[in-house]
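Participant: Here you go, one structure.
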Amino acid sequence: KQWYQRRVAITAGGDGFKIAMRTLDAGRIGVAGQALGIAQASLECAVAYSQQRQAFGKPIASLSTIQNKLADMECKIWSARLINWHAAKLKDDGHNFTKEAAMAKLVASEAATYCAHQAIQVLGGMGYVSDMPAERHYRDARITEIYEGTSEIQRLVIAGNLLKEMVQ
């Protein structure tokens with residue numbers, strides 16, 4: 001009973017690298033989604049804390065510096081979310097999505113790190129306390145910039161595809 005001798009091929013042959021790269025592209029959309037969840041959680045943590053923490057007799061959410069941080073976090077999250085949705089739509093429709101998946105992964109992972117960092121800034125010293133989720137969000141965000149290709153690799157993929165598109 002040598003079940004392992006049964007051969008199943010998914011292509012006629014010679015397409016292994018292309019299939020591996022397409023799988024990596026799809027994974028990048030997933031990592032972007034994960035990074036977006038981390039970014040959103042960081043924003044929600046910062047908003048909740050800023051509404052309850054009092055300084056000068058009022059919530060710190062009323063301070064313009066805090067509001068600027070929250071606004072920038074929201075803008076980065078929505079920018080990344082829209083790029084990720086676009087990449088996923090291209091994939092679902094059967095179009096090439098290599099560049100867009102790399103863009104989604106790059107923008108979302110960097111947004112997650114930015115938002116996690118800003119959440120720690122809003123929380124101040126409480127941002128480093130392991131009882132608060134902000135420090136975990138930062139650790140989780142940083143890894144999204146590494147797996148499925150570092151941010152530097154994403155930039156190479158984006159530029160390489162962009163240059164090919166511009167020649168055509």
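By order in the structure tokens, chains are A, B, ...; within a chain, residues start at 1; ligands start at 1, following the order shown.
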Please produce, as JSON lines, a per-residue contact table for segment 16-82 of chain A versus segment 140-156 of chain A (criterion: any atom at most 12 Å away, only C-alpha atoms considered), showing the nearest atom pair and its distance in Å to one decimal, sorted by chain then residue number.

Facilitator:
{"residue": "A:Ala20", "atom": "CA", "partner": "A:Glu148", "partner_atom": "CA", "distance": 11.9}
{"residue": "A:Met21", "atom": "CA", "partner": "A:Glu148", "partner_atom": "CA", "distance": 10.6}
{"residue": "A:Arg22", "atom": "CA", "partner": "A:Glu148", "partner_atom": "CA", "distance": 11.9}
{"residue": "A:Thr23", "atom": "CA", "partner": "A:Glu148", "partner_atom": "CA", "distance": 10.2}
{"residue": "A:Leu24", "atom": "CA", "partner": "A:Glu148", "partner_atom": "CA", "distance": 6.7}
{"residue": "A:Asp25", "atom": "CA", "partner": "A:Glu148", "partner_atom": "CA", "distance": 8.4}
{"residue": "A:Ala26", "atom": "CA", "partner": "A:Glu148", "partner_atom": "CA", "distance": 9.8}
{"residue": "A:Gly27", "atom": "CA", "partner": "A:Glu148", "partner_atom": "CA", "distance": 6.8}
{"residue": "A:Arg28", "atom": "CA", "partner": "A:Glu148", "partner_atom": "CA", "distance": 6.1}
{"residue": "A:Ile29", "atom": "CA", "partner": "A:Glu148", "partner_atom": "CA", "distance": 9.7}
{"residue": "A:Gly30", "atom": "CA", "partner": "A:Glu148", "partner_atom": "CA", "distance": 9.6}
{"residue": "A:Val31", "atom": "CA", "partner": "A:Thr144", "partner_atom": "CA", "distance": 6.6}
{"residue": "A:Ala32", "atom": "CA", "partner": "A:Thr144", "partner_atom": "CA", "distance": 7.9}
{"residue": "A:Gly33", "atom": "CA", "partner": "A:Thr144", "partner_atom": "CA", "distance": 10.1}
{"residue": "A:Gln34", "atom": "CA", "partner": "A:Thr144", "partner_atom": "CA", "distance": 7.9}
{"residue": "A:Ala35", "atom": "CA", "partner": "A:Thr144", "partner_atom": "CA", "distance": 6.2}
{"residue": "A:Leu36", "atom": "CA", "partner": "A:Ala141", "partner_atom": "CA", "distance": 9.2}
{"residue": "A:Gly37", "atom": "CA", "partner": "A:Ala141", "partner_atom": "CA", "distance": 9.5}
{"residue": "A:Ile38", "atom": "CA", "partner": "A:Ala141", "partner_atom": "CA", "distance": 6.4}
{"residue": "A:Ala39", "atom": "CA", "partner": "A:Ala141", "partner_atom": "CA", "distance": 7.6}
{"residue": "A:Gln40", "atom": "CA", "partner": "A:Ala141", "partner_atom": "CA", "distance": 11.0}
{"residue": "A:Ala41", "atom": "CA", "partner": "A:Ala141", "partner_atom": "CA", "distance": 10.7}
{"residue": "A:Ser42", "atom": "CA", "partner": "A:Ala141", "partner_atom": "CA", "distance": 9.6}

Participant: Run DSSP on the backbone and tell me which residues of chain A come out as strand (DSSP E); list them as a list in words.

Facilitator: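 Restricting chain A to strand (DSSP E) produces Gln54, Ala55, Lys58 and Pro59 of chain A.
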
Participant: Report the residues of chain A whose backbone DSSP state falls under alpha helix (DSSP H), written as a PyMOL selection string.

Facilitator: chain A and resi 16-52+64-92+98-123+133-144+151-167

Participant: Can you tell me, as a PyMOL selection string, what residues are no more than 7 Å from segment 87-101 of chain A when counting only C-alpha atoms, ignoring any on the same chain fewer than 3 positions away?

Facilitator: chain A and resi 25+28-29+83-84+104-105+157-158+161

Participant: Restricting the output to N, CA and C atoms, write the selected residues as a tab-separated table (two decimals), in the first residue's frame.

Facilitator:
chain	number	residue	atom	x	y	z
A	25	ASP	N	1.78	36.04	-2.88
A	25	ASP	CA	0.98	37.25	-3.11
A	25	ASP	C	-0.33	37.18	-2.33
A	28	ARG	N	0.14	37.80	1.29
A	28	ARG	CA	0.38	39.21	1.62
A	28	ARG	C	-0.93	39.94	1.89
A	29	ILE	N	-1.97	39.58	1.18
A	29	ILE	CA	-3.29	40.16	1.43
A	29	ILE	C	-3.76	39.77	2.83
A	83	ILE	N	-6.53	49.95	0.05
A	83	ILE	CA	-5.58	49.26	-0.82
A	83	ILE	C	-5.75	47.75	-0.69
A	84	ASN	N	-5.95	47.28	0.54
A	84	ASN	CA	-6.12	45.83	0.74
A	84	ASN	C	-7.40	45.33	0.08
A	104	ALA	N	-0.48	46.54	-0.44
A	104	ALA	CA	-1.37	46.36	0.71
A	104	ALA	C	-0.59	45.91	1.93
A	105	LYS	N	0.30	44.95	1.74
A	105	LYS	CA	1.09	44.43	2.85
A	105	LYS	C	2.02	45.51	3.40
A	157	VAL	N	9.29	44.69	-5.03
A	157	VAL	CA	8.22	44.08	-5.82
A	157	VAL	C	7.36	45.16	-6.47
A	158	ILE	N	7.00	46.17	-5.70
A	158	ILE	CA	6.17	47.27	-6.22
A	158	ILE	C	6.90	47.99	-7.34
A	161	ASN	N	7.30	45.85	-10.59
A	161	ASN	CA	6.05	45.77	-11.35
A	161	ASN	C	5.68	47.10	-11.97

Participant: One decimal, in Å: what's the spacing between atom CA of Ala80 of chain A and atom CA of Ala111 of chain A?

Facilitator: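 We find that atom CA of Ala80 of chain A and atom CA of Ala111 of chain A lie 7.2 Å from each other.
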
Participant: Just the number, please: distance in Å from atom CA of Ser62 of chain A to atom CA of Ser50 of chain A, one decimal.

Facilitator: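 Atom-to-atom, atom CA of Ser62 of chain A to atom CA of Ser50 of chain A, that is 8.3 Å.
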
Participant: Using only C-alpha atoms, can you tell me which of A:Gln121, A:Gly13, A:Ser79, A:Ile19 comes closest to Ile66 of chain A?

Facilitator: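 Among the listed residues, A:Gln121 lies closest to Ile66 of chain A.
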
Participant: Neighbours of Gln118 of chain A within 8 Å (only C-alpha atoms; same-chain residues fewer than 3 positions away dropped), as a list in words?

Facilitator: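 So the residues in contact are Ala46, Lys69, Met73, Tyr114, Cys115, Gln121 and Val122 of chain A.
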
Participant: Could you save those same residues with N, CA and C atoms as a compact mmCIF listing (two decimals), in the first residue's frame?

Facilitator:
# COMPACT_ATOMS: atom_id res chain seq x y z
N ALA A 46 -6.17 53.52 22.12
CA ALA A 46 -5.79 54.92 22.32
C ALA A 46 -7.02 55.81 22.54
N LYS A 69 -2.92 62.82 16.72
CA LYS A 69 -2.45 61.44 16.68
C LYS A 69 -3.58 60.50 16.25
N MET A 73 -3.82 58.26 12.79
CA MET A 73 -4.01 56.81 12.88
C MET A 73 -5.19 56.38 12.01
N TYR A 114 2.98 52.08 13.04
CA TYR A 114 2.76 53.50 13.36
C TYR A 114 1.65 53.66 14.40
N CYS A 115 0.53 53.00 14.17
CA CYS A 115 -0.60 53.12 15.08
C CYS A 115 -0.28 52.56 16.46
N GLN A 121 2.28 56.24 22.72
CA GLN A 121 2.48 57.66 23.01
C GLN A 121 1.28 58.25 23.74
N VAL A 122 0.08 57.92 23.29
CA VAL A 122 -1.14 58.43 23.93
C VAL A 122 -1.25 57.92 25.36

Participant: Which of these residues is nearest to Asp72 of chain A, using only C-alpha atoms: A:Leu43, A:Lys18, A:Glu165, A:Ala48?

Facilitator: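 So, comparing all the options, the nearest one is A:Leu43.
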
Participant: Compare A:Leu63, A:Gln168, A:Gly127, A:Arg81 by their minimum atom-to-atom distance to Cys45 of chain A, counting only C-alpha atoms, and give me the closest one.

Facilitator: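 That would be A:Gly127, the residue with the smallest distance to Cys45 of chain A.
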
Participant: Expressed in Å to a single decimal, how great is the separation between atom CA of Ala102 of chain A and atom CA of Pro133 of chain A?

Facilitator: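 Going from atom CA of Ala102 of chain A over to atom CA of Pro133 of chain A covers 27.8 Å.
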
Participant: Taking only C-alpha atoms into account, name the residue in A:Glu44, A:Ser64, A:Tyr49, A:Glu110 that is nearest to Leu123 of chain A.

Facilitator: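 Among the listed residues, the smallest separation from Leu123 of chain A belongs to A:Tyr49.
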